[in-house]
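> Data: query-v2.txt, compact mmCIF, C-alpha atoms.
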# COMPACT_ATOMS: atom_id res chain seq x y z
CA MET A 29 0.00 0.00 0.00
CA SER A 30 1.42 3.30 -1.09
CA GLY A 31 1.84 6.15 1.55
CA THR A 32 4.32 8.23 3.76
CA TRP A 33 5.54 7.46 7.23
CA SER A 34 6.36 10.05 10.14
CA LEU A 35 9.27 9.35 12.45
CA CYS A 36 9.03 10.87 15.97
CA VAL A 37 12.02 10.74 18.31
CA PHE A 38 11.80 12.04 22.03
CA LEU A 39 15.11 12.96 23.49
CA ASN A 40 15.91 14.45 26.92
CA ILE A 41 18.59 17.08 26.28
CA SER A 42 20.86 17.80 29.28
CA PRO A 43 24.39 18.89 29.77
CA ALA A 44 26.95 16.59 28.37
CA GLY A 45 27.88 13.87 30.65
CA GLN A 46 29.81 10.80 30.54
CA ARG A 47 29.21 8.44 27.87
CA GLY A 48 26.64 6.02 28.94
CA GLU A 49 26.28 2.47 28.10
CA SER A 50 25.02 1.56 24.81
CA VAL A 51 21.39 0.77 24.73
CA ASP A 52 19.06 -0.18 21.93
CA ALA A 53 16.78 2.64 20.80
CA ILE A 54 13.15 1.76 20.43
CA ILE A 55 11.55 3.48 17.44
CA HIS A 56 7.83 3.46 17.02
CA ALA A 57 6.55 4.26 13.51
CA VAL A 58 3.10 5.74 13.29
CA PRO A 59 1.27 5.45 9.92
CA GLY A 60 0.76 8.75 8.20
CA HIS A 61 -2.13 9.98 6.12
CA LYS A 62 -2.89 8.36 2.70
CA GLY A 63 -1.11 10.25 0.01
CA GLU A 64 -2.41 11.29 -3.41
CA PRO A 65 -2.10 8.77 -6.30
CA GLY A 66 1.14 9.11 -8.11
CA GLU A 67 1.57 9.65 -11.83
CA SER A 68 1.27 6.61 -14.05
CA GLY A 69 4.54 4.86 -14.56
CA PRO A 70 5.97 3.92 -17.90
CA LEU A 71 4.54 0.84 -19.74
CA GLY A 72 6.30 -2.26 -18.58
CA PRO A 73 7.59 -4.98 -20.88
CA GLN A 74 5.06 -7.48 -22.38
CA GLY A 75 4.51 -10.40 -20.07
CA HIS A 76 4.48 -14.07 -21.03
CA PRO A 77 1.16 -15.60 -22.33
CA GLY A 78 -0.99 -16.80 -19.48
CA LEU A 79 -2.34 -20.32 -19.05
CA TYR A 80 -5.50 -21.47 -20.88
CA GLY A 81 -8.61 -20.70 -18.92
CA ALA A 82 -11.23 -23.21 -17.96
CA PRO A 83 -14.05 -23.87 -20.52
CA GLY A 84 -16.90 -21.42 -20.24
CA ALA A 85 -20.44 -22.34 -19.46
CA PRO A 86 -22.80 -23.15 -22.43
CA GLY A 87 -24.33 -20.06 -23.94
CA GLU A 88 -27.99 -19.36 -24.20
CA SER A 89 -29.95 -20.75 -27.21
CA GLY A 90 -29.91 -18.36 -30.14
CA MET A 91 -32.85 -17.31 -32.29
CA ILE A 92 -33.53 -19.34 -35.49
CA PHE A 93 -34.13 -17.44 -38.73
CA HIS A 94 -35.24 -18.93 -42.07
CA SER A 95 -32.95 -17.84 -44.92
CA GLN A 96 -35.80 -17.22 -47.38
CA LYS A 97 -37.65 -14.99 -44.93
CA LEU A 98 -34.43 -13.21 -44.00
CA LEU A 99 -33.55 -12.65 -47.64
CA SER A 100 -37.03 -11.36 -48.34
CA ILE A 101 -36.77 -8.95 -45.42
CA VAL A 102 -33.30 -7.79 -46.48
CA ALA A 103 -34.07 -7.66 -50.23
CA ALA A 104 -37.39 -5.90 -49.86
CA GLY A 105 -36.91 -2.25 -50.45
CA CYS A 106 -38.35 0.68 -52.29
CA LYS A 107 -38.28 0.42 -56.09
CA GLY A 108 -35.86 2.89 -57.52
CA SER A 109 -36.57 5.14 -60.50
CA GLN A 110 -35.50 3.96 -63.96
CA GLY A 111 -32.10 5.18 -64.96
CA GLN A 112 -31.30 6.92 -68.24
CA ALA A 113 -30.32 4.83 -71.24
CA GLY A 114 -26.59 4.65 -71.80
CA LYS A 115 -24.90 5.80 -74.98
CA LYS A 116 -24.47 3.28 -77.78
CA GLY A 117 -20.93 2.02 -77.89
CA PRO A 118 -18.83 2.09 -81.08
CA ILE A 119 -18.93 -0.89 -83.47
CA GLY A 120 -16.03 -3.20 -82.86
CA ASN A 121 -13.57 -4.26 -85.55
CA PRO A 122 -14.23 -7.58 -87.33
CA GLY A 123 -12.47 -10.49 -85.71
CA LEU A 124 -9.73 -12.47 -87.42
CA LYS A 125 -10.74 -15.55 -89.42
CA GLY A 126 -10.24 -18.67 -87.40
CA ASP A 127 -8.04 -21.54 -88.53
CA GLN A 128 -9.68 -24.48 -90.26
CA GLY A 129 -10.18 -27.36 -87.90
CA ASP A 130 -8.53 -30.73 -88.39
CA ARG A 131 -10.43 -33.39 -90.30
CA GLY A 132 -12.10 -35.86 -87.99
CA PHE A 133 -11.37 -39.56 -87.97
CA PRO A 134 -13.77 -41.86 -89.83
CA GLY A 135 -16.36 -43.41 -87.60
CA LEU A 136 -16.42 -47.10 -86.85
CA HIS A 137 -18.50 -49.34 -89.09
CA GLY A 138 -21.68 -50.17 -87.28
CA ALA A 139 -22.64 -53.75 -86.61
CA THR A 140 -25.25 -55.38 -88.81
CA GLY A 141 -28.61 -55.27 -87.14
CA ALA A 142 -30.62 -58.36 -86.42
CA ARG A 143 -33.19 -59.43 -88.99
CA GLY A 144 -36.62 -58.25 -88.07
CA THR A 145 -39.60 -60.52 -87.65
CA VAL A 146 -42.03 -61.09 -90.47
CA GLY A 147 -44.82 -58.56 -90.38
CA ILE A 148 -48.45 -59.47 -90.18
CA LYS A 149 -50.45 -59.89 -93.34
CA GLY A 150 -51.93 -56.65 -94.57
CA ILE A 151 -55.60 -56.03 -95.10
CA ARG A 152 -57.11 -56.67 -98.48
CA GLY A 153 -56.86 -53.67 -100.76
CA PRO A 154 -59.78 -52.04 -102.55
CA PRO A 155 -60.75 -53.33 -105.99
CA GLY A 156 -58.74 -51.84 -108.84
CA PRO A 157 -60.28 -49.77 -111.62
CA CYS A 158 -61.58 -51.54 -114.69
CA GLU A 159 -59.49 -51.09 -117.83
CA GLU A 160 -59.98 -52.08 -121.38
CA THR A 161 -58.21 -55.24 -122.49
CA ARG A 162 -55.19 -54.54 -124.64
CA LYS A 163 -55.67 -55.27 -128.27
CA GLY A 164 -53.13 -57.71 -129.64
CA GLY A 165 -50.14 -59.17 -127.80
CA SER A 166 -47.16 -57.55 -126.07
CA PHE A 167 -43.60 -57.17 -127.32
CA LEU A 168 -40.50 -57.45 -125.13
CA PHE A 169 -37.26 -55.63 -125.84
CA THR A 170 -34.14 -54.71 -123.85
CA LYS A 171 -32.59 -51.27 -123.32
CA HIS A 172 -28.92 -51.05 -122.26
CA SER A 173 -27.58 -47.94 -120.50
CA GLN A 174 -23.84 -48.67 -121.08
CA ARG A 175 -23.43 -47.10 -117.63
CA HIS A 176 -23.66 -48.39 -114.05
CA LEU A 177 -27.12 -46.80 -113.73
CA ILE A 178 -30.31 -48.74 -114.45
CA PRO A 179 -32.02 -47.31 -117.57
CA GLU A 180 -35.66 -46.28 -117.71
CA CYS A 181 -38.03 -47.78 -120.24
CA PRO A 182 -39.01 -45.42 -123.09
CA THR A 183 -42.40 -43.75 -123.15
CA GLY A 184 -45.08 -46.19 -124.22
CA SER A 185 -43.47 -49.21 -122.54
CA GLU A 186 -43.34 -50.64 -119.03
CA ARG A 187 -40.50 -52.14 -117.00
CA VAL A 188 -40.46 -55.92 -116.58
CA TYR A 189 -37.14 -56.32 -114.70
CA SER A 190 -33.59 -54.95 -114.60
CA GLY A 191 -30.21 -56.69 -114.70
CA TYR A 192 -26.72 -56.74 -116.25
CA SER A 193 -25.86 -56.61 -119.97
CA LEU A 194 -24.50 -59.97 -121.16
CA LEU A 195 -23.00 -59.84 -124.68
CA PHE A 196 -21.65 -63.38 -125.29
CA ILE A 197 -19.84 -66.29 -123.64
CA ASN A 198 -16.87 -68.40 -124.76
CA GLY A 199 -16.68 -72.03 -123.63
CA ASN A 200 -13.84 -74.31 -124.71
CA ASN A 201 -12.91 -71.80 -127.45
CA ARG A 202 -16.46 -71.67 -128.82
CA ALA A 203 -18.50 -68.48 -128.59
CA HIS A 204 -22.24 -68.09 -128.22
CA GLY A 205 -23.76 -64.61 -128.33
CA GLN A 206 -26.95 -62.89 -127.26
CA ASP A 207 -29.12 -60.49 -129.24
CA LEU A 208 -28.85 -57.27 -127.26
CA GLY A 209 -32.43 -56.45 -128.20
CA THR A 210 -33.91 -59.49 -126.43
CA LEU A 211 -34.38 -60.25 -122.75
CA GLY A 212 -31.72 -63.01 -122.93
CA SER A 213 -29.03 -60.30 -122.93
CA CYS A 214 -30.23 -58.91 -119.59
CA LEU A 215 -29.34 -61.30 -116.75
CA PRO A 216 -30.78 -60.46 -113.31
CA HIS A 217 -27.44 -61.29 -111.60
CA PHE A 218 -23.81 -60.73 -112.54
CA SER A 219 -20.92 -63.19 -112.30
CA THR A 220 -17.54 -63.24 -114.03
CA MET A 221 -18.36 -66.86 -114.91
CA PRO A 222 -22.15 -67.23 -115.17
CA PHE A 223 -22.11 -70.79 -116.59
CA LEU A 224 -20.75 -74.28 -115.83
CA PHE A 225 -19.65 -77.17 -118.05
CA CYS A 226 -20.84 -80.69 -117.34
CA ASN A 227 -19.62 -84.08 -118.61
CA THR A 228 -20.73 -87.72 -118.71
CA GLU A 229 -19.17 -88.38 -115.32
CA HIS A 230 -22.09 -86.57 -113.71
CA THR A 231 -19.89 -83.65 -112.65
CA CYS A 232 -20.23 -79.94 -113.40
CA ARG A 233 -17.41 -77.46 -112.91
CA TYR A 234 -16.42 -73.85 -113.39
CA ALA A 235 -13.63 -73.44 -115.94
CA SER A 236 -11.10 -70.88 -114.76
CA ARG A 237 -8.73 -71.01 -117.76
CA ASN A 238 -10.58 -71.80 -121.00
CA ASP A 239 -14.00 -70.16 -120.46
CA TYR A 240 -14.83 -66.45 -120.68
CA SER A 241 -17.81 -64.13 -120.41
CA TYR A 242 -18.22 -60.77 -122.16
CA TRP A 243 -20.43 -57.94 -120.91
CA LEU A 244 -21.29 -54.48 -122.19
CA SER A 245 -19.12 -52.07 -120.22
CA THR A 246 -19.46 -48.54 -118.86
CA ASP A 247 -17.45 -45.37 -119.48
CA THR A 248 -15.59 -45.64 -116.14
CA PRO A 249 -11.84 -45.26 -116.86
CA LEU A 250 -9.45 -47.98 -115.76
CA PRO A 251 -7.28 -47.19 -112.70
CA ASP A 252 -3.56 -46.80 -113.38
CA GLY A 253 -1.30 -49.70 -112.51
CA VAL A 254 -4.15 -52.19 -111.92
CA PRO A 255 -3.81 -55.29 -114.17
CA PHE A 256 -7.22 -56.73 -113.27
CA ILE A 257 -10.52 -55.50 -111.83
CA SER A 258 -12.10 -57.72 -109.20
CA GLU A 259 -14.71 -58.01 -106.47
CA GLN A 260 -16.62 -54.82 -105.58
CA GLY A 261 -14.69 -52.74 -108.11
CA LEU A 262 -16.43 -54.61 -110.95
CA LYS A 263 -19.82 -53.01 -110.35
CA ASP A 264 -18.58 -49.71 -111.84
CA TYR A 265 -17.58 -51.39 -115.12
CA ILE A 266 -20.61 -53.57 -115.98
CA SER A 267 -23.49 -52.00 -117.94
CA ARG A 268 -27.01 -52.18 -116.54
CA CYS A 269 -30.11 -53.03 -118.57
CA THR A 270 -33.90 -53.10 -118.33
CA VAL A 271 -36.36 -55.41 -120.07
CA CYS A 272 -39.39 -53.43 -121.26
CA GLU A 273 -42.84 -54.48 -122.45
CA ALA A 274 -44.48 -52.60 -125.31
CA THR A 275 -47.87 -52.95 -126.96
CA ALA A 276 -46.41 -52.82 -130.47
CA ASN A 277 -43.40 -54.02 -132.41
CA VAL A 278 -39.99 -52.35 -131.98
CA ILE A 279 -37.39 -52.13 -134.79
CA ALA A 280 -34.06 -50.46 -135.57
CA ILE A 281 -33.46 -48.22 -138.61
CA HIS A 282 -29.87 -47.57 -139.80
CA SER A 283 -28.96 -44.61 -142.02
CA GLN A 284 -25.41 -45.79 -142.99
CA THR A 285 -24.52 -42.09 -142.89
CA THR A 286 -23.60 -39.61 -140.17
CA PHE A 287 -27.22 -38.43 -140.07
CA ILE A 288 -29.76 -39.86 -137.62
CA PRO A 289 -32.57 -41.46 -139.65
CA ASP A 290 -36.25 -40.72 -139.13
CA CYS A 291 -38.76 -43.35 -138.08
CA PRO A 292 -41.15 -44.59 -140.78
CA SER A 293 -44.58 -43.00 -140.97
CA GLY A 294 -46.79 -44.27 -138.14
CA TRP A 295 -43.84 -45.13 -135.87
CA ASP A 296 -42.58 -43.30 -132.76
CA SER A 297 -38.92 -42.79 -131.85
CA LEU A 298 -37.59 -44.48 -128.70
CA TRP A 299 -33.86 -43.62 -128.89
CA SER A 300 -31.02 -43.02 -131.36
CA GLY A 301 -27.44 -44.25 -131.43
CA TYR A 302 -24.71 -46.00 -133.44
CA SER A 303 -24.99 -49.12 -135.61
CA PHE A 304 -23.31 -52.00 -133.76
CA VAL A 305 -22.81 -55.17 -135.86
CA MET A 306 -20.42 -57.68 -134.28
CA GLU A 307 -17.74 -58.31 -131.68
CA THR A 308 -14.91 -60.81 -131.14
CA GLY A 309 -12.73 -61.72 -128.19
CA VAL A 310 -10.18 -64.39 -127.35
CA GLY A 311 -9.45 -66.80 -130.22
CA ALA A 312 -11.27 -64.49 -132.68
CA GLU A 313 -14.54 -65.93 -131.37
CA GLY A 314 -17.56 -63.68 -130.99
CA SER A 315 -21.12 -63.04 -132.11
CA GLY A 316 -23.20 -60.61 -134.16
CA GLN A 317 -26.29 -58.43 -133.77
CA PRO A 318 -29.33 -58.65 -136.08
CA LEU A 319 -29.61 -55.19 -137.65
CA ALA A 320 -33.39 -55.25 -137.27
CA SER A 321 -33.08 -55.68 -133.52
CA PRO A 322 -33.00 -52.64 -131.18
CA GLY A 323 -29.85 -54.24 -129.71
CA SER A 324 -27.93 -53.22 -132.85
CA CYS A 325 -28.44 -49.53 -132.04
CA LEU A 326 -26.26 -48.61 -129.05
CA GLU A 327 -26.75 -45.12 -127.63
CA HIS A 328 -23.04 -44.57 -126.96
CA PHE A 329 -20.12 -45.32 -129.26
CA ARG A 330 -16.94 -46.76 -127.76
CA LYS A 331 -14.13 -48.41 -129.66
CA ILE A 332 -14.37 -51.44 -127.35
CA PRO A 333 -17.87 -51.40 -125.79
CA PHE A 334 -17.43 -54.64 -123.83
CA ILE A 335 -15.19 -56.11 -121.14
CA GLU A 336 -13.77 -59.65 -120.83
CA CYS A 337 -14.20 -61.61 -117.57
CA HIS A 338 -12.68 -64.90 -116.33
CA GLY A 339 -13.51 -67.74 -113.98
CA ARG A 340 -10.90 -66.56 -111.47
CA GLY A 341 -13.14 -63.59 -110.66
CA THR A 342 -11.43 -60.80 -112.64
CA CYS A 343 -12.24 -58.63 -115.68
CA ASN A 344 -10.26 -56.33 -117.98
CA TYR A 345 -9.88 -54.99 -121.52
CA PHE A 346 -7.50 -56.90 -123.83
CA ILE A 347 -5.81 -56.09 -127.13
CA ASP A 348 -7.32 -59.09 -128.95
CA ALA A 349 -10.84 -57.65 -128.54
CA TYR A 350 -12.47 -56.07 -131.62
CA SER A 351 -15.79 -54.37 -132.28
CA TYR A 352 -17.49 -54.01 -135.69
CA TRP A 353 -19.82 -51.16 -136.70
CA LEU A 354 -21.70 -50.15 -139.83
CA ALA A 355 -19.70 -47.50 -141.66
CA ALA A 356 -20.96 -44.04 -142.59
CA LEU A 357 -21.01 -44.06 -146.40
CA ASN A 358 -21.32 -41.44 -149.10
CA PRO A 359 -24.65 -42.12 -150.89
CA TYR A 360 -23.26 -40.59 -154.07
CA ASP A 361 -20.22 -42.89 -154.17
CA MET A 362 -21.70 -46.28 -153.29
CA PHE A 363 -20.16 -48.44 -156.03
CA SER A 364 -16.58 -47.25 -155.84
CA LYS A 365 -13.78 -48.85 -153.88
CA PRO A 366 -14.00 -48.03 -150.15
CA MET A 367 -11.24 -45.69 -149.06
CA PRO A 368 -9.57 -46.31 -145.67
CA GLN A 369 -10.13 -43.51 -143.18
CA ILE A 370 -8.50 -42.75 -139.83
CA ASN A 371 -9.87 -40.27 -137.32
CA LYS A 372 -8.25 -40.70 -133.91
CA ASP A 373 -9.78 -37.52 -132.50
CA ASN A 374 -13.40 -38.40 -133.34
CA PRO A 375 -13.77 -42.00 -134.57
CA ALA A 376 -17.55 -41.80 -134.11
CA SER A 377 -17.68 -39.56 -137.20
CA LEU A 378 -16.97 -42.67 -139.30
CA ILE A 379 -19.85 -44.73 -137.81
CA SER A 380 -23.39 -45.07 -139.12
CA HIS A 381 -26.20 -43.62 -137.02
CA CYS A 382 -29.45 -45.41 -136.21
CA ARG A 383 -32.82 -44.97 -134.52
CA VAL A 384 -35.08 -47.39 -132.64
CA CYS A 385 -38.79 -47.02 -133.44
CA MET A 386 -42.06 -48.44 -132.07
CA LYS A 387 -45.24 -48.95 -134.07
CA ARG A 388 -47.93 -46.40 -133.19
CA LEU A 389 -51.30 -47.94 -132.36
Written as structure tokens, that's how I'd like the structure from this file.


Amino acid sequence: MSGTWSLCVFLNISPAGQRGESVDAIIHAVPGHKGEPGESGPLGPQGHPGLYGAPGAPGESGMIFHSQKLLSIVAAGCKGSQGQAGKKGPIGNPGLKGDQGDRGFPGLHGATGARGTVGIKGIRGPPGPCEETRKGGSFLFTKHSQRHLIPECPTGSERVYSGYSLLFINGNNRAHGQDLGTLGSCLPHFSTMPFLFCNTEHTCRYASRNDYSYWLSTDTPLPDGVPFISEQGLKDYISRCTVCEATANVIAIHSQTTFIPDCPSGWDSLWSGYSFVMETGVGAEGSGQPLASPGSCLEHFRKIPFIECHGRGTCNYFIDAYSYWLAALNPYDMFSKPMPQINKDNPASLISHCRVCMKRL
């Protein structure tokens, strides 16, 4: 306790005498009055951290607020006035053209789906309209596209079926041809060897070395460096055909000039082309076309309009193949000696033109 102390000493002063014996002085200190508080002392150095206190008592339960209600209370306010529209900013410069993306990888070939179940039998259709019976019989003829596309039947005729254009076959060095104007030249299915040979031993075989088949070809060019065409690549080189049914006879007319002839009076034109006569292949074997048949009038001229196929499953064009066409003659010089002509740029200018016609009923 802060304060001051008063010291009172009572002495009996007398004349000096002899020195007495030493005695112990008894001092009694009497507390003084409480002094005024002193000025604050300077800040002492920071003490060491104290010990952790004991855990406090649990606090009182707080009030529970729902967030949606609280947000609605906080967010609810007076609606402000609409501000003024800002100024339109300047138009930006066009962006740079982006780089072309990389080509994606081909997708995987999907698996073949399962064959569906046979559907239920449909309901019977309504009766068809009555039509007059055709007068006379019907006439069948074949149209060849000389392309890998199926041709349409001309106006006035109806499609019977479509197939592939067979020209002739060669078995054991003997050829047998088909009239391109008949349905025998249009086979529903293609094969490089569409026939077998059988003998007296009750066996039938495919000949892979001595038998050949010849088909009208397309205008697809041969790939470079490929000696033979096989498998799926063949479909681009075999001409397609359609067998058509007409109500009247169909014939071919040949002009033997470079002019396309007109159909006779009472006949309608079906198509025009070039006068094809004959063809030969391996061993100089081949076949010819009847000039009255529509098969002798091919729409497209090609120096070799057919392709040779073998039993080993391949086809190609060969140098021993020849085609024969009616020549374009000069009507005013019929009885003179024929003069050889060569026109490599346009050989079709030397070939007779023709037209296929159908009788008008």

> Kindly assemble as JSON lines a list of the region 183-217 of chain A residues that lie within 7 Å of region 318-341 of chain A, each paired with its nearest atom pair and their distance in Å to one decimal, using only C-alpha atoms, sorted first by chain and then by ascending residue number.


{"residue": "A:Asp207", "atom": "CA", "partner": "A:Gly323", "partner_atom": "CA", "distance": 6.3}
{"residue": "A:Leu208", "atom": "CA", "partner": "A:Gly323", "partner_atom": "CA", "distance": 4.0}
{"residue": "A:Gly209", "atom": "CA", "partner": "A:Gly323", "partner_atom": "CA", "distance": 3.7}

> So how many Å separate CA of Thr286 (chain A) and CA of Arg175 (chain A), to one decimal?

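For CA of Thr286 (chain A) relative to CA of Arg175 (chain A), the distance reads 23.8 Å.
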
> Just checking: using all atoms listed in the file, which residue out of A:His282, A:Thr308, A:Ala349, A:Gln128 ends up closest to Ser380 (chain A)?

A:His282

> Work out how far apart CA of Gly316 (chain A) and CA of Gln206 (chain A) are and give it in Å to one decimal.

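Atom-to-atom, CA of Gly316 (chain A) and CA of Gln206 (chain A) are spaced 8.2 Å apart.
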
> Report the distance between CA of Gln284 (chain A) and CA of Gln317 (chain A) in Å, rounded to one decimal place.

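Separation of CA of Gln284 (chain A) and CA of Gln317 (chain A): 15.7 Å.
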
> Place a sphere of radius 12 Å on (-21.9, -41.6, -147.4) in the file coordinates and name every protein, DNA or RNA residue with an atom inside or on its surface, counting all atoms listed in the file; give the answer as a PyMOL selection string.

chain A and resi 283-287+354-364+366-367+377-381

> Restricting the calculation to all atoms listed in the file: of A:Ala142, A:Leu168, A:Val271, A:Ala235, which residue gets closest to Tyr189 (chain A)?

A:Val271

> Could you check the closest approach to His204 (chain A) for each of A:Ser68, A:Thr342, A:Ser315, A:Asn374 and tell me which residue wins, using all atoms listed in the file?

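Comparing A:Ser68, A:Thr342, A:Ser315, A:Asn374 against His204 (chain A), the winner is A:Ser315.
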